[in-house]
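The structure file target-v7.cif is reproduced below (mmCIF, C-alpha atoms and all ligand atoms).
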data_coords
loop_
_atom_site.label_atom_id
_atom_site.label_comp_id
_atom_site.auth_asym_id
_atom_site.auth_seq_id
_atom_site.Cartn_x
_atom_site.Cartn_y
_atom_site.Cartn_z
CA MET A 1 90.45 107.10 131.69
CA PRO A 2 92.32 104.89 129.21
CA THR A 3 96.12 105.05 129.14
CA LYS A 4 98.31 105.49 126.08
CA GLU A 5 99.54 101.90 126.60
CA GLU A 6 95.96 100.58 126.48
CA PHE A 7 95.34 102.61 123.33
CA ILE A 8 98.46 101.13 121.69
CA GLU A 9 97.38 97.61 122.72
CA LYS A 10 93.92 98.05 121.20
CA LEU A 11 95.39 99.60 118.06
CA ASN A 12 97.62 96.55 117.70
CA THR A 13 94.59 94.26 117.95
CA ALA A 14 92.91 96.34 115.23
CA LEU A 15 96.09 96.03 113.14
CA GLU A 16 96.05 92.23 113.46
CA TRP A 17 92.42 92.19 112.30
CA GLU A 18 93.35 94.42 109.32
CA TYR A 19 96.02 91.94 108.21
CA ALA A 20 93.49 89.12 108.57
CA ALA A 21 90.87 91.05 106.58
CA ALA A 22 93.34 91.73 103.75
CA VAL A 23 94.36 88.05 103.56
CA GLN A 24 90.74 86.87 103.75
CA TYR A 25 89.61 89.24 100.98
CA VAL A 26 92.47 88.17 98.69
CA GLN A 27 91.46 84.52 99.13
CA HIS A 28 87.71 85.15 98.79
CA ALA A 29 88.17 87.33 95.69
CA ALA A 30 90.16 84.54 94.03
CA VAL A 31 87.76 81.68 94.77
CA ILE A 32 84.29 83.26 94.77
CA THR A 33 82.29 81.84 91.87
CA GLY A 34 78.92 82.32 90.19
CA PRO A 35 77.75 84.97 87.71
CA GLU A 36 75.80 86.74 90.48
CA TYR A 37 79.09 87.32 92.31
CA ASP A 38 81.15 88.78 89.40
CA ALA A 39 80.76 92.41 90.50
CA ILE A 40 81.33 91.75 94.20
CA GLY A 41 84.36 89.57 93.32
CA GLU A 42 86.04 92.64 91.82
CA GLU A 43 84.95 94.71 94.80
CA LEU A 44 86.61 92.24 97.19
CA VAL A 45 89.97 92.99 95.53
CA VAL A 46 89.36 96.69 96.21
CA HIS A 47 88.51 95.86 99.84
CA ALA A 48 91.71 93.78 100.17
CA ASN A 49 93.83 96.75 99.10
CA GLU A 50 91.94 99.14 101.36
CA GLU A 51 92.40 96.83 104.38
CA LEU A 52 96.15 96.78 103.71
CA THR A 53 96.13 100.59 103.57
CA HIS A 54 94.30 100.59 106.94
CA ALA A 55 97.08 98.35 108.30
CA VAL A 56 99.66 100.90 107.16
CA GLN A 57 97.68 103.77 108.69
CA VAL A 58 97.19 101.99 112.04
CA SER A 59 100.87 100.94 112.13
CA THR A 60 101.88 104.56 111.66
CA ILE A 61 99.64 105.70 114.54
CA ILE A 62 101.13 103.00 116.81
CA SER A 63 104.67 103.94 115.89
CA ASP A 64 103.99 107.68 116.33
CA LEU A 65 102.68 106.91 119.83
CA GLY A 66 105.93 105.14 120.65
CA GLY A 67 104.57 101.60 120.30
CA ILE A 68 105.78 98.67 118.21
CA PRO A 69 103.34 97.59 115.48
CA SER A 70 102.40 93.90 115.60
CA VAL A 71 103.06 91.44 112.79
CA GLU A 72 100.60 88.86 114.15
CA VAL A 73 97.53 88.04 112.07
CA GLU A 74 94.07 87.46 113.55
CA GLU A 75 91.73 84.65 112.50
CA ARG A 76 90.86 84.30 108.80
CA LYS A 77 87.63 82.61 107.68
CA ILE A 78 87.21 80.65 104.46
CA SER A 79 84.35 78.70 102.92
CA GLU A 80 83.54 76.65 99.82
CA ASP A 81 80.22 78.49 99.57
CA SER A 82 80.24 81.92 97.92
CA LYS A 83 77.32 83.33 99.93
CA GLN A 84 78.89 82.12 103.16
CA MET A 85 82.15 83.86 102.21
CA LEU A 86 80.32 87.16 101.94
CA GLU A 87 78.63 86.52 105.29
CA GLN A 88 82.06 85.92 106.83
CA ASP A 89 83.30 89.17 105.27
CA LEU A 90 80.24 91.03 106.57
CA ALA A 91 80.82 89.72 110.11
CA GLY A 92 84.40 90.99 109.83
CA GLU A 93 83.21 94.45 108.82
CA GLU A 94 80.67 94.59 111.68
CA HIS A 95 83.49 93.72 114.05
CA ALA A 96 85.82 96.34 112.50
CA ILE A 97 83.13 99.03 112.83
CA GLU A 98 82.70 98.31 116.56
CA MET A 99 86.48 98.28 117.04
CA TYR A 100 87.02 101.64 115.33
CA LYS A 101 84.12 103.27 117.20
CA GLU A 102 85.81 102.27 120.46
CA LEU A 103 89.25 103.45 119.25
CA ILE A 104 87.82 106.82 118.16
CA GLY A 105 86.35 107.26 121.65
CA ILE A 106 89.71 106.48 123.27
CA ALA A 107 91.60 108.82 120.91
CA GLU A 108 89.13 111.57 121.84
CA LYS A 109 89.62 110.98 125.59
CA LEU A 110 93.42 111.04 125.20
CA GLY A 111 93.33 114.23 123.13
CA GLU A 112 94.87 112.38 120.16
CA TYR A 113 92.89 114.35 117.59
CA GLY A 114 95.14 113.60 114.64
CA SER A 115 94.82 109.87 115.27
CA ARG A 116 91.08 110.23 115.77
CA ARG A 117 90.77 111.82 112.34
CA VAL A 118 92.62 108.92 110.66
CA LEU A 119 90.52 106.37 112.58
CA GLU A 120 87.34 108.14 111.49
CA ASP A 121 88.43 107.90 107.85
CA ILE A 122 89.05 104.16 108.30
CA LEU A 123 85.64 103.76 110.00
CA MET A 124 83.94 105.44 107.05
CA GLN A 125 85.57 102.98 104.67
CA GLU A 126 84.57 99.99 106.83
CA GLU A 127 80.99 101.24 106.68
CA GLU A 128 81.27 101.39 102.88
CA HIS A 129 82.58 97.81 102.87
CA ARG A 130 79.60 96.73 104.96
CA ARG A 131 77.24 98.46 102.52
CA ASP A 132 78.86 96.71 99.52
CA LEU A 133 78.52 93.30 101.16
CA MET A 134 74.95 93.87 102.34
CA GLY A 135 73.98 94.99 98.85
CA SER A 136 75.46 91.88 97.32
CA LEU A 137 73.72 89.67 99.90
CA GLY A 138 70.39 91.39 99.09
CA MET A 139 70.09 92.80 102.62
FE FE A 201 90.01 97.85 107.49
FE FE A 202 86.71 96.59 105.72
#
Would you give me this structure, written as structure tokens?
Amino acid sequence: MPTKEEFIEKLNTALEWEYAAAVQYVQHAAVITGPEYDAIGEELVVHANEELTHAVQVSTIISDLGGIPSVEVEERKISEDSKQMLEQDLAGEEHAIEMYKELIGIAEKLGEYGSRRVLEDILMQEEEHRRDLMGSLGM
């Protein structure tokens, strides 16, 4: 049985990855080039804003649980190659999806149903992000 402290710790890790995702998307959106990447370039700006909203949502959950939200930022990946940027973004989304699935399971076990609901909404958006990136990569 996970404890509330473990839940807060894992939420803080998720928060640090959200900050990293927002920063990475801002950078990628600005530097991605090539006519085939015009549409996804605009979509990356949307993703950047949504990742920041996730950071706000996760921070609120942490604070409501009595924890202190982190201001640390996880690893950001950059590239000079547009396709590789999207692959880096896709890897980030795969990681986020696994993280939120685990957090939803913990919220369920702890009876934190309100938090679970918010985490499920975030998970849905991460799955949308993955779909956008896979579509652009022709997967
Ligand atoms: Fe996110
Ligand atoms: Fe995402």
Can you tell me which residues surround A:Glu6 at a distance of at most 12 Å, considering all atoms listed in the file, apart from same-chain residues fewer than 2 positions away, and format the answer as a ChimeraX atom specification? /A:1-4,8-13,62,65,67,102-103,106-107,110
Quick check, in Å to one decimal: how far apart do atom CA of A:Glu80 and atom CA of A:His28 lie?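 Atom CA of A:His28 lies at a distance of 9.5 Å from atom CA of A:Glu80.
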May I have the residues within 10 Å of A:Leu86 as a PyMOL selection string, using only C-alpha atoms and disregarding those fewer than 3 positions away in the same chain? chain A and resi 25+28+32+37+40-41+44+78-79+81-83+89-92+132-134+136-137
Set the cut-off to 9 Å, count all atoms listed in the file, and list whatever residues fall near ligand FE 202 (chain A) as a PDB file with C-alpha atoms, keeping the file's coordinate frame.
ATOM      1  CA  GLU A  18      93.350  94.420 109.320  1.00  0.00           C
ATOM      2  CA  ALA A  21      90.870  91.050 106.580  1.00  0.00           C
ATOM      3  CA  ALA A  22      93.340  91.730 103.750  1.00  0.00           C
ATOM      4  CA  HIS A  47      88.510  95.860  99.840  1.00  0.00           C
ATOM      5  CA  ALA A  48      91.710  93.780 100.170  1.00  0.00           C
ATOM      6  CA  GLU A  50      91.940  99.140 101.360  1.00  0.00           C
ATOM      7  CA  GLU A  51      92.400  96.830 104.380  1.00  0.00           C
ATOM      8  CA  HIS A  54      94.300 100.590 106.940  1.00  0.00           C
ATOM      9  CA  ASP A  89      83.300  89.170 105.270  1.00  0.00           C
ATOM     10  CA  LEU A  90      80.240  91.030 106.570  1.00  0.00           C
ATOM     11  CA  GLY A  92      84.400  90.990 109.830  1.00  0.00           C
ATOM     12  CA  GLU A  93      83.210  94.450 108.820  1.00  0.00           C
ATOM     13  CA  GLU A  94      80.670  94.590 111.680  1.00  0.00           C
ATOM     14  CA  ALA A  96      85.820  96.340 112.500  1.00  0.00           C
ATOM     15  CA  ILE A  97      83.130  99.030 112.830  1.00  0.00           C
ATOM     16  CA  ILE A 122      89.050 104.160 108.300  1.00  0.00           C
ATOM     17  CA  LEU A 123      85.640 103.760 110.000  1.00  0.00           C
ATOM     18  CA  GLN A 125      85.570 102.980 104.670  1.00  0.00           C
ATOM     19  CA  GLU A 126      84.570  99.990 106.830  1.00  0.00           C
ATOM     20  CA  GLU A 127      80.990 101.240 106.680  1.00  0.00           C
ATOM     21  CA  GLU A 128      81.270 101.390 102.880  1.00  0.00           C
ATOM     22  CA  HIS A 129      82.580  97.810 102.870  1.00  0.00           C
ATOM     23  CA  ARG A 130      79.600  96.730 104.960  1.00  0.00           C
TER      24      ARG A 130
END
Draw an axis-aligned box over all listed atoms of stretch 11-29 of chain A, pad each side with 5 Å, and write its centre and edge lengths in Å, one decimal, as JSON.
{"center_x": 92.7, "center_y": 92.1, "center_z": 106.9, "size_x": 19.9, "size_y": 25.1, "size_z": 32.4}
In Å and to one decimal, atom CA of A:Ile104 is distant from atom CA of A:Arg116 by 5.3 Å
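Between ligand FE 201 (chain A) and the candidates A:Ser115, A:Gln84, A:His95, A:Thr60, the tightest atom-to-atom separation, counting only C-alpha atoms and all ligand atoms, involves A:His95.
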Atom pair atom CA of A:Tyr19 / atom CA of A:Gly138: separation (Å): 27.2 Å
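Closest to ligand FE 201 (chain A) among A:Gln27, A:Thr53, A:Ser63, A:Ser70 is A:Thr53, based on only C-alpha atoms and all ligand atoms.
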Find the residue from A:Val31, A:Val73, A:Met139, A:Leu15 that sits nearest to ligand FE 201 (chain A); use only C-alpha atoms and all ligand atoms when measuring.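 So, comparing all the options, the nearest one is A:Leu15.
Minimum distance to ligand FE 201 (chain A) across A:Lys77, A:Glu87, A:Asn49, A:Glu43 (counting only C-alpha atoms and all ligand atoms) occurs at A:Asn49.
For the choices A:Asp64, A:Glu112, A:Glu98, A:Glu72, the atom-to-atom distance to ligand FE 201 (chain A) is smallest for A:Glu98 when using all atoms listed in the file.
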Of the listed residues A:Ile68, A:Ala55, A:Met99, A:Ala29, that which approaches ligand FE 201 (chain A) most closely, counting only C-alpha atoms and all ligand atoms: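 Of A:Ile68, A:Ala55, A:Met99, A:Ala29, the one nearest ligand FE 201 (chain A), counting only C-alpha atoms and all ligand atoms, is A:Ala55.
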